[in-house]
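Asks: One file: protein-v8.txt (compact mmCIF, C-alpha atoms).
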```txt
# COMPACT_ATOMS: atom_id res chain seq x y z
CA MET A 1101 -52.10 29.60 64.85
CA LYS A 1102 -48.49 29.74 63.78
CA VAL A 1103 -47.14 27.57 60.99
CA SER A 1104 -44.06 27.67 58.80
CA VAL A 1105 -44.67 28.09 55.09
CA ASN A 1106 -41.71 27.96 52.73
CA GLY A 1107 -39.39 28.80 55.57
CA ASN A 1108 -41.38 31.74 56.96
CA ILE A 1109 -43.49 31.77 60.11
CA MET A 1110 -47.04 32.80 59.35
CA ASP A 1111 -50.31 33.17 61.20
CA ILE A 1112 -53.23 31.29 59.69
CA GLU A 1113 -56.73 30.52 60.88
CA ASP A 1114 -57.40 27.30 62.73
CA ASN A 1115 -58.81 24.48 60.64
CA THR A 1116 -57.38 25.76 57.37
CA SER A 1117 -57.21 23.09 54.74
CA VAL A 1118 -54.29 22.85 52.33
CA PHE A 1119 -56.65 23.81 49.54
CA LYS A 1120 -57.73 26.97 51.40
CA LEU A 1121 -54.16 27.94 52.11
CA LEU A 1122 -53.31 27.66 48.42
CA LYS A 1123 -56.45 29.56 47.44
CA ASP A 1124 -55.65 32.36 49.87
CA LYS A 1125 -52.23 32.66 48.27
CA LYS A 1126 -53.81 32.59 44.79
CA ILE A 1127 -51.99 29.40 43.87
CA ASP A 1128 -53.50 26.90 41.45
CA SER A 1129 -53.39 23.64 43.38
CA ASN A 1130 -52.76 21.68 40.20
CA THR A 1131 -49.44 23.39 39.65
CA VAL A 1132 -47.76 22.66 42.96
CA VAL A 1133 -46.71 19.88 45.25
CA VAL A 1134 -47.23 20.30 48.98
CA GLU A 1135 -45.18 18.73 51.73
CA ILE A 1136 -46.06 19.01 55.43
CA ASN A 1137 -43.54 17.89 58.04
CA LEU A 1138 -41.64 16.07 55.29
CA ASP A 1139 -44.70 14.11 54.16
CA ILE A 1140 -46.12 14.78 50.72
CA VAL A 1141 -49.82 15.62 50.78
CA ASP A 1142 -51.71 13.83 48.00
CA ARG A 1143 -53.36 16.31 45.66
CA ASP A 1144 -56.66 14.45 46.11
CA ASN A 1145 -56.53 15.27 49.82
CA TYR A 1146 -55.91 19.01 49.62
CA ASN A 1147 -59.52 19.73 50.55
CA THR A 1148 -59.58 17.41 53.54
CA HIS A 1149 -56.06 17.77 54.94
CA ILE A 1150 -56.30 20.28 57.80
CA ILE A 1151 -53.17 22.15 58.80
CA LYS A 1152 -52.11 21.88 62.44
CA PRO A 1153 -50.23 24.37 64.64
CA ASN A 1154 -46.46 24.38 64.09
CA ASP A 1155 -46.75 22.43 60.86
CA SER A 1156 -43.77 22.97 58.57
CA ILE A 1157 -45.22 23.41 55.09
CA GLU A 1158 -43.40 23.48 51.78
CA ILE A 1159 -45.24 24.57 48.65
CA LEU A 1160 -43.11 23.74 45.63
CA ARG A 1161 -43.28 23.79 41.86
CA PHE A 1162 -41.17 23.12 38.81
CA VAL A 1163 -38.82 25.91 37.77
CA GLY A 1164 -36.04 26.21 35.23
CA GLY A 1165 -33.11 23.90 35.73
CA GLY A 1166 -30.41 22.01 33.89
CA MET B 584 -27.19 5.08 3.90
CA MET B 585 -27.41 3.26 7.21
CA LEU B 586 -30.48 4.35 9.13
CA ASP B 587 -29.93 5.25 12.75
CA LYS B 588 -31.46 3.07 15.44
CA PRO B 589 -33.84 5.20 17.48
CA LEU B 590 -32.73 6.26 20.94
CA VAL B 591 -34.71 4.23 23.43
CA ILE B 592 -34.41 5.04 27.11
CA ALA B 593 -36.52 3.50 29.85
CA GLY B 594 -38.78 2.03 27.23
CA LYS B 595 -39.47 5.36 25.53
CA THR B 596 -38.36 6.20 22.02
CA ILE B 597 -36.79 9.65 21.93
CA GLY B 598 -36.63 11.35 18.56
CA SER B 599 -33.92 13.89 19.39
CA ARG B 600 -30.50 13.19 20.87
CA LEU B 601 -30.36 16.75 22.19
CA ILE B 602 -31.73 17.22 25.70
CA THR B 603 -31.99 20.77 26.93
CA GLY B 604 -32.33 22.43 30.28
CA SER B 605 -34.81 25.15 31.18
CA GLY B 606 -32.68 27.22 33.54
CA LYS B 607 -31.06 30.63 33.29
CA TYR B 608 -33.48 32.11 30.74
CA ARG B 609 -34.48 35.77 31.09
CA ASN B 610 -38.12 34.82 30.82
CA ASP B 611 -40.24 31.72 30.36
CA GLN B 612 -41.33 32.58 26.81
CA ILE B 613 -37.76 32.07 25.61
CA ILE B 614 -37.95 28.47 26.85
CA LYS B 615 -40.84 27.83 24.49
CA ASP B 616 -39.01 29.40 21.55
CA VAL B 617 -35.82 27.50 22.32
CA LEU B 618 -37.63 24.17 22.50
CA LYS B 619 -39.21 24.84 19.12
CA SER B 620 -35.85 25.72 17.60
CA ALA B 621 -33.97 22.83 19.21
CA GLU B 622 -36.67 20.30 18.34
CA CYS B 623 -35.73 18.32 21.41
CA ASP B 624 -38.09 15.95 23.15
CA VAL B 625 -36.77 15.89 26.69
CA ILE B 626 -36.27 18.90 28.94
CA THR B 627 -34.90 19.07 32.46
CA VAL B 628 -36.60 21.07 35.21
CA ALA B 629 -35.90 21.72 38.88
CA ILE B 630 -38.11 21.88 41.99
CA ARG B 631 -38.14 24.99 44.15
CA ARG B 632 -40.38 26.92 46.52
CA VAL B 633 -43.26 28.82 44.99
CA ASP B 634 -42.68 32.56 44.86
CA PHE B 635 -45.68 34.00 46.70
CA ASP B 636 -45.14 37.35 44.99
CA LYS B 637 -45.76 35.66 41.65
CA PRO B 638 -48.25 32.91 42.47
CA GLU B 639 -49.59 32.53 38.95
CA GLN B 640 -46.16 32.09 37.38
CA ASN B 641 -45.84 28.56 36.06
CA MET B 642 -43.02 27.67 33.72
CA LEU B 643 -44.84 24.53 32.61
CA ASN B 644 -47.21 26.77 30.64
CA TYR B 645 -44.31 27.34 28.24
CA ILE B 646 -43.36 23.72 27.77
CA PRO B 647 -45.46 21.90 25.14
CA LYS B 648 -47.39 19.00 26.58
CA ASP B 649 -45.73 16.47 24.26
CA LYS B 650 -42.29 17.11 25.78
CA ILE B 651 -40.95 14.67 28.36
CA LEU B 652 -40.06 16.34 31.65
CA LEU B 653 -36.89 15.15 33.34
CA PRO B 654 -36.94 16.67 36.85
CA ASN B 655 -33.55 16.98 38.48
CA THR B 656 -32.69 16.71 42.15
CA SER B 657 -30.61 19.88 42.08
CA GLY B 658 -30.08 21.27 45.54
CA ALA B 659 -29.57 17.82 47.04
CA ARG B 660 -26.31 17.39 48.94
CA THR B 661 -26.97 13.84 50.03
CA ALA B 662 -28.67 10.73 48.71
CA GLU B 663 -31.44 11.27 51.25
CA GLU B 664 -32.16 14.78 49.95
CA ALA B 665 -32.10 13.54 46.36
CA VAL B 666 -34.68 10.88 47.23
CA ARG B 667 -36.87 13.50 48.91
CA ILE B 668 -36.75 15.75 45.83
CA ALA B 669 -37.41 12.85 43.47
CA GLU B 670 -40.53 11.90 45.44
CA LEU B 671 -41.73 15.51 45.33
CA ALA B 672 -41.22 15.62 41.58
CA ARG B 673 -43.09 12.39 41.02
CA ALA B 674 -45.95 13.63 43.20
CA THR B 675 -46.65 16.36 40.64
CA GLY B 676 -47.75 13.64 38.24
CA CYS B 677 -45.04 14.29 35.66
CA GLY B 678 -43.94 10.64 35.50
CA ASP B 679 -41.17 8.67 37.14
CA TRP B 680 -38.11 9.90 35.28
CA VAL B 681 -35.57 11.65 37.49
CA LYS B 682 -32.11 13.07 36.95
CA VAL B 683 -30.17 12.39 40.12
CA GLU B 684 -27.88 15.30 40.85
CA VAL B 685 -26.14 15.19 44.22
CA ILE B 686 -23.68 18.01 44.72
CA ASN B 687 -21.95 19.06 47.94
CA ASP B 688 -19.18 21.07 46.28
CA GLN B 689 -20.22 24.66 45.72
CA LYS B 690 -17.14 25.75 43.79
CA TYR B 691 -17.10 23.28 40.92
CA LEU B 692 -20.59 21.78 41.36
CA LEU B 693 -19.05 18.36 40.81
CA PRO B 694 -21.42 15.51 41.65
CA ASP B 695 -20.69 13.22 44.56
CA ASN B 696 -20.54 9.81 42.87
CA ILE B 697 -20.89 7.87 46.13
CA GLU B 698 -24.10 9.67 47.17
CA THR B 699 -25.31 9.46 43.57
CA ILE B 700 -24.92 5.69 43.55
CA LYS B 701 -26.73 5.44 46.92
CA ALA B 702 -29.60 7.61 45.68
CA THR B 703 -29.84 5.61 42.46
CA GLU B 704 -30.09 2.32 44.36
CA ILE B 705 -32.89 3.66 46.56
CA LEU B 706 -34.83 5.34 43.77
CA VAL B 707 -34.65 2.39 41.37
CA LYS B 708 -36.17 0.20 44.11
CA LYS B 709 -38.96 2.78 44.42
CA GLY B 710 -39.72 2.43 40.71
CA PHE B 711 -38.03 5.55 39.38
CA LYS B 712 -36.29 5.65 36.02
CA VAL B 713 -32.98 7.12 37.13
CA PHE B 714 -30.62 9.26 35.06
CA PRO B 715 -27.60 9.81 37.31
CA TYR B 716 -25.37 12.82 36.70
CA MET B 717 -21.83 11.70 37.51
CA CYS B 718 -18.14 12.43 37.48
CA PRO B 719 -16.83 10.24 34.70
CA ASP B 720 -15.12 7.22 36.22
CA LEU B 721 -15.76 3.76 34.87
CA PRO B 722 -16.13 1.88 38.19
CA SER B 723 -18.82 4.33 39.35
CA ALA B 724 -20.57 4.05 36.00
CA ARG B 725 -20.60 0.27 36.38
CA ARG B 726 -22.08 0.56 39.88
CA LEU B 727 -24.80 2.81 38.50
CA VAL B 728 -25.62 0.26 35.82
CA ASP B 729 -25.72 -2.49 38.48
CA ALA B 730 -28.01 -0.30 40.60
CA GLY B 731 -30.48 -0.20 37.71
CA ALA B 732 -29.97 3.26 36.26
CA VAL B 733 -31.51 3.66 32.80
CA SER B 734 -28.62 5.82 31.60
CA VAL B 735 -25.38 7.33 32.87
CA MET B 736 -24.63 11.01 32.43
CA PRO B 737 -20.91 11.78 32.72
CA LEU B 738 -19.89 15.43 32.80
CA GLY B 739 -17.66 17.12 30.25
CA ALA B 740 -16.70 20.05 32.47
CA PRO B 741 -18.22 21.91 35.44
CA ILE B 742 -21.85 22.97 35.11
CA GLY B 743 -22.23 26.32 33.39
CA SER B 744 -18.54 26.60 32.52
CA ASN B 745 -18.99 26.24 28.75
CA ARG B 746 -15.50 24.68 28.68
CA GLY B 747 -16.26 21.63 26.55
CA LEU B 748 -15.16 18.04 26.98
CA LYS B 749 -12.33 18.48 29.46
CA THR B 750 -12.96 14.93 30.66
CA ARG B 751 -12.89 13.57 27.13
CA GLU B 752 -10.68 10.53 27.72
CA MET B 753 -12.68 9.36 30.73
CA VAL B 754 -15.96 9.93 28.92
CA GLN B 755 -14.68 7.94 25.93
CA ILE B 756 -13.90 5.01 28.21
CA ILE B 757 -17.41 5.10 29.61
CA ILE B 758 -18.94 5.30 26.13
CA ASP B 759 -16.84 2.32 25.03
CA GLU B 760 -17.53 0.11 28.05
CA ILE B 761 -21.05 0.95 29.27
CA LYS B 762 -23.91 -0.66 27.41
CA ILE B 763 -26.81 1.51 28.58
CA PRO B 764 -27.31 4.95 26.99
CA VAL B 765 -24.53 7.42 27.80
CA ILE B 766 -25.60 11.07 27.84
CA VAL B 767 -22.83 13.66 28.13
CA ASP B 768 -24.14 16.30 30.50
CA ALA B 769 -22.54 19.59 31.66
CA GLY B 770 -19.76 21.70 30.31
CA ILE B 771 -20.80 21.65 26.67
CA GLY B 772 -20.42 25.27 25.57
CA LYS B 773 -20.35 25.27 21.79
CA PRO B 774 -22.13 23.24 19.14
CA SER B 775 -18.74 21.80 18.16
CA HIS B 776 -18.47 20.31 21.68
CA ALA B 777 -21.80 18.60 21.16
CA THR B 778 -20.68 17.32 17.77
CA GLU B 779 -17.50 16.02 19.38
CA ALA B 780 -19.44 14.11 22.02
CA MET B 781 -21.66 12.54 19.39
CA GLU B 782 -18.69 11.66 17.17
CA MET B 783 -17.21 9.88 20.19
CA GLY B 784 -20.32 7.70 20.31
CA ALA B 785 -22.37 9.34 23.03
CA ASP B 786 -26.04 8.46 22.75
CA ALA B 787 -27.19 12.00 23.52
CA VAL B 788 -26.05 15.26 25.09
CA LEU B 789 -27.63 17.46 27.70
CA LEU B 790 -26.90 21.16 27.86
CA ASN B 791 -28.44 24.29 29.27
CA THR B 792 -26.02 27.17 29.79
CA ALA B 793 -24.60 27.02 26.28
CA ILE B 794 -27.98 27.97 24.87
CA ALA B 795 -29.23 30.15 27.72
CA SER B 796 -26.08 32.26 27.92
CA SER B 797 -25.90 32.97 24.21
CA PRO B 798 -27.02 36.45 23.13
CA ASP B 799 -29.41 34.67 20.73
CA PRO B 800 -30.60 31.52 22.48
CA VAL B 801 -33.12 30.57 19.79
CA LEU B 802 -30.51 30.66 17.04
CA MET B 803 -28.01 28.84 19.24
CA ALA B 804 -30.62 26.15 19.92
CA ARG B 805 -30.91 25.58 16.17
CA ALA B 806 -27.11 25.37 15.92
CA PHE B 807 -27.06 22.71 18.61
CA LYS B 808 -29.81 20.72 16.92
CA LEU B 809 -27.76 20.58 13.74
CA ALA B 810 -24.51 19.93 15.64
CA VAL B 811 -25.93 16.89 17.41
CA GLU B 812 -27.29 15.51 14.14
CA ALA B 813 -23.98 16.10 12.38
CA GLY B 814 -22.02 14.36 15.10
CA ARG B 815 -24.37 11.40 15.12
CA LEU B 816 -24.20 10.98 11.33
CA ALA B 817 -20.42 11.18 11.47
CA PHE B 818 -20.32 8.50 14.17
CA LEU B 819 -22.57 6.23 12.09
CA ALA B 820 -20.55 6.87 8.95
CA GLY B 821 -17.28 6.10 10.67
CA MET B 822 -14.22 8.37 10.65
CA GLY B 823 -11.44 7.80 8.14
CA GLY B 824 -7.91 6.99 9.25
CA VAL B 825 -5.71 9.57 10.96
CA SER B 826 -2.02 10.03 10.02
CA PHE B 827 0.81 12.40 10.79
CA SER B 828 1.86 12.80 7.19
CA ALA B 829 -0.31 13.86 4.28
CA ASN B 830 -2.22 11.64 1.90
CA ALA B 831 -2.84 13.43 -1.39
CA SER B 832 -6.40 13.83 -2.55
CA SER B 833 -5.50 13.22 -6.21
CA PRO B 834 -2.88 10.85 -7.71
CA LEU B 835 0.27 12.12 -9.54
CA THR B 836 -0.74 14.06 -12.64
CA GLY B 837 1.30 12.17 -15.16
CA PHE B 838 1.34 15.17 -17.51
CA LEU B 839 3.76 17.13 -15.33
CA ASP B 840 7.44 16.15 -15.32
CA ASP B 841 7.76 12.94 -13.26
CA ASN B 842 11.51 13.57 -12.94
CA TYR B 843 10.95 16.67 -10.77
CA LYS B 844 13.20 16.40 -7.72
CA PHE B 845 11.23 17.09 -4.52
CA GLU B 846 13.25 18.36 -1.57
```
Mind turning this structure into structure tokens?
Replies:
Amino acid sequence: MKVSVNGNIMDIEDNTSVFKLLKDKKIDSNTVVVEINLDIVDRDNYNTHIIKPNDSIEILRFVGGG
Amino acid sequence: MMLDKPLVIAGKTIGSRLITGSGKYRNDQIIKDVLKSAECDVITVAIRRVDFDKPEQNMLNYIPKDKILLPNTSGARTAEEAVRIAELARATGCGDWVKVEVINDQKYLLPDNIETIKATEILVKKGFKVFPYMCPDLPSARRLVDAGAVSVMPLGAPIGSNRGLKTREMVQIIIDEIKIPVIVDAGIGKPSHATEAMEMGADAVLLNTAIASSPDPVLMARAFKLAVEAGRLAFLAGMGGVSFSANASSPLTGFLDDNYKFE
């Protein structure tokens, strides 16, 4: 199914959890914050939150800034 | 010697009156070295998309755990966007401090005071400790205080310009009239600018580019640490009087001819 991740359209398997998506991208889930369709996904729910078709996903972290 | 009162913001005692940014460094290791040299306690960070080409890269690995993170809402053009970024920052578990930065001017990066005030009102109600970055005008500063900000952060000059306290007079008015901590943020380019801000009575300064753009950031961080301390001590000591004419350091000698005719 198609979803948007950080502004890019990607194909991912049906029933992918947030946790699996992060794992597939080799991202430590403790170091990021995830927002789907403008709602923040609680870190405790990464395992259970299943991504739906056309979801708009943002995976963000802290970077340098002033 | 009069001991300084500690700087207390949002209920936290901050040991250092120098706040640094984490942006513009060539690599993350320099951030760690700069923090050690600057001996600051608070550091600003931004929120951006993860780079999928470098998934393991995490700047937080280079920031000691005892530092206080002050996430900024950089990128926000409106109050609504600033609120969204603040919520994202808080969701990382870093705490509820947030520097509200709302900028819709790409040339000078001057903050939009109206949107900043709106964002501050909303975020304070949501329990954030808000540090608003603002163009220095007293009425806006007063509105930010009324909205519940824990500090106001007037700019000295455009972000990254290294130009110093171009807004000096307006900043001085805010320092004199606003009772919550005033942190001069943006435009400080040299340690002497930081000293100047502290001599004026600022409670702290925030700077990033001045250190990051120096050929030796670690040494420059040390210079800024000392500059902020010097300015603060001078403020506490109190400046002597200023005059147009000279005031001799030693009295007339007495042993030289007192009938000498000066021009």
Asks: Write down, as a compact mmCIF listing (two decimals) with C-alpha atoms, in the coordinates of the input, each residue of chain A that has any atom within 9 Å of an atom of chain B, counting all atoms listed in the file.
Replies:
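To be explicit, this is the file written out as selection.txt:
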```
# COMPACT_ATOMS: atom_id res chain seq x y z
CA ASN A 1106 -41.71 27.96 52.73
CA LYS A 1125 -52.23 32.66 48.27
CA LYS A 1126 -53.81 32.59 44.79
CA ILE A 1127 -51.99 29.40 43.87
CA ASP A 1128 -53.50 26.90 41.45
CA ASN A 1130 -52.76 21.68 40.20
CA THR A 1131 -49.44 23.39 39.65
CA VAL A 1132 -47.76 22.66 42.96
CA VAL A 1133 -46.71 19.88 45.25
CA VAL A 1134 -47.23 20.30 48.98
CA GLU A 1135 -45.18 18.73 51.73
CA LEU A 1138 -41.64 16.07 55.29
CA ILE A 1140 -46.12 14.78 50.72
CA VAL A 1141 -49.82 15.62 50.78
CA ASP A 1142 -51.71 13.83 48.00
CA ARG A 1143 -53.36 16.31 45.66
CA GLU A 1158 -43.40 23.48 51.78
CA ILE A 1159 -45.24 24.57 48.65
CA LEU A 1160 -43.11 23.74 45.63
CA ARG A 1161 -43.28 23.79 41.86
CA PHE A 1162 -41.17 23.12 38.81
CA VAL A 1163 -38.82 25.91 37.77
CA GLY A 1164 -36.04 26.21 35.23
CA GLY A 1165 -33.11 23.90 35.73
CA GLY A 1166 -30.41 22.01 33.89
```
Asks: As a list of chain:residue names, please: the residues near His1149 of chain A (cut-off 9 Å, all atoms listed in the file, same-chain neighbours under 5 positions excluded).
Replies: A:Thr1116, A:Ser1117, A:Val1118, A:Phe1119, A:Val1141
Asks: Can you measure atom CA of Ala669 of chain B to atom CA of Val681 of chain B for me? One decimal in Å is fine.
Replies: 6.4 Å
Asks: With distances taken over all atoms listed in the file, which of B:Gly824, B:Pro647, B:Pro715, B:Gly770 is nearest to Tyr691 of chain B?
Replies: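 Looking only at the distances to Tyr691 of chain B, the closest residue turns out to be B:Gly770.
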Asks: Could you tell me how far atom CA of Ala787 of chain B sits from atom CA of Leu809 of chain B, in Å to one decimal place?
Replies: 13.0 Å
Asks: For the point (-25.9, 17.5, 45.4) in file coordinates, what residues are within 9 Å, counting all atoms listed in the file? Give the answer as a count of residues only?
Replies: 21
Asks: With the input short on atoms, add N, CA, C and O atoms back to segment 728-749 of chain B and write it as a CSV table (one decimal), keeping the file's coordinate frame.
Replies:
```
chain,number,residue,atom,x,y,z
B,728,VAL,N,-24.9,1.2,36.7
B,728,VAL,CA,-25.6,0.3,35.8
B,728,VAL,C,-26.2,-0.9,36.7
B,728,VAL,O,-27.3,-1.3,36.6
B,729,ASP,N,-25.3,-1.4,37.6
B,729,ASP,CA,-25.7,-2.5,38.5
B,729,ASP,C,-26.9,-2.1,39.4
B,729,ASP,O,-27.7,-2.9,39.7
B,730,ALA,N,-26.9,-0.8,39.7
B,730,ALA,CA,-28.0,-0.3,40.6
B,730,ALA,C,-29.3,-0.2,39.8
B,730,ALA,O,-30.4,0.0,40.4
B,731,GLY,N,-29.3,-0.3,38.5
B,731,GLY,CA,-30.5,-0.2,37.7
B,731,GLY,C,-30.8,1.1,37.0
B,731,GLY,O,-31.9,1.4,36.6
B,732,ALA,N,-29.8,2.0,37.0
B,732,ALA,CA,-30.0,3.3,36.3
B,732,ALA,C,-30.3,3.0,34.8
B,732,ALA,O,-29.9,2.0,34.2
B,733,VAL,N,-31.1,3.9,34.2
B,733,VAL,CA,-31.5,3.7,32.8
B,733,VAL,C,-30.5,4.3,31.8
B,733,VAL,O,-30.6,4.1,30.6
B,734,SER,N,-29.6,5.1,32.4
B,734,SER,CA,-28.6,5.8,31.6
B,734,SER,C,-27.5,6.2,32.6
B,734,SER,O,-27.7,6.2,33.8
B,735,VAL,N,-26.3,6.6,32.0
B,735,VAL,CA,-25.4,7.3,32.9
B,735,VAL,C,-25.1,8.7,32.2
B,735,VAL,O,-25.1,8.7,30.9
B,736,MET,N,-24.8,9.7,33.0
B,736,MET,CA,-24.6,11.0,32.4
B,736,MET,C,-23.3,11.6,32.9
B,736,MET,O,-23.3,12.4,33.9
B,737,PRO,N,-22.2,11.2,32.3
B,737,PRO,CA,-20.9,11.8,32.7
B,737,PRO,C,-20.7,13.2,32.3
B,737,PRO,O,-21.2,13.6,31.2
B,738,LEU,N,-20.1,14.0,33.1
B,738,LEU,CA,-19.9,15.4,32.8
B,738,LEU,C,-18.7,15.7,31.9
B,738,LEU,O,-17.7,14.9,31.9
B,739,GLY,N,-18.8,16.7,31.1
B,739,GLY,CA,-17.7,17.1,30.2
B,739,GLY,C,-16.8,18.1,31.0
B,739,GLY,O,-15.6,18.2,30.8
B,740,ALA,N,-17.4,19.0,31.7
B,740,ALA,CA,-16.7,20.0,32.5
B,740,ALA,C,-17.7,20.6,33.5
B,740,ALA,O,-18.9,20.2,33.4
B,741,PRO,N,-17.3,21.4,34.4
B,741,PRO,CA,-18.2,21.9,35.4
B,741,PRO,C,-19.4,22.6,34.8
B,741,PRO,O,-19.4,23.2,33.8
B,742,ILE,N,-20.6,22.4,35.5
B,742,ILE,CA,-21.8,23.0,35.1
B,742,ILE,C,-21.7,24.5,34.8
B,742,ILE,O,-21.1,25.2,35.6
B,743,GLY,N,-22.2,24.9,33.7
B,743,GLY,CA,-22.2,26.3,33.4
B,743,GLY,C,-20.9,26.9,33.0
B,743,GLY,O,-20.8,28.1,32.7
B,744,SER,N,-19.9,26.1,32.8
B,744,SER,CA,-18.5,26.6,32.5
B,744,SER,C,-18.3,26.8,31.0
B,744,SER,O,-17.4,27.5,30.6
B,745,ASN,N,-19.1,26.1,30.2
B,745,ASN,CA,-19.0,26.2,28.8
B,745,ASN,C,-17.6,25.8,28.3
B,745,ASN,O,-17.2,26.2,27.2
B,746,ARG,N,-16.9,25.0,29.0
B,746,ARG,CA,-15.5,24.7,28.7
B,746,ARG,C,-15.3,23.5,27.7
B,746,ARG,O,-14.2,23.2,27.3
B,747,GLY,N,-16.4,22.8,27.5
B,747,GLY,CA,-16.3,21.6,26.6
B,747,GLY,C,-15.9,20.3,27.3
B,747,GLY,O,-16.1,20.2,28.5
B,748,LEU,N,-15.4,19.4,26.5
B,748,LEU,CA,-15.2,18.0,27.0
B,748,LEU,C,-13.8,17.9,27.6
B,748,LEU,O,-12.9,17.2,27.1
B,749,LYS,N,-13.6,18.6,28.8
B,749,LYS,CA,-12.3,18.5,29.5
B,749,LYS,C,-12.1,17.1,30.0
B,749,LYS,O,-10.9,16.7,30.2
```
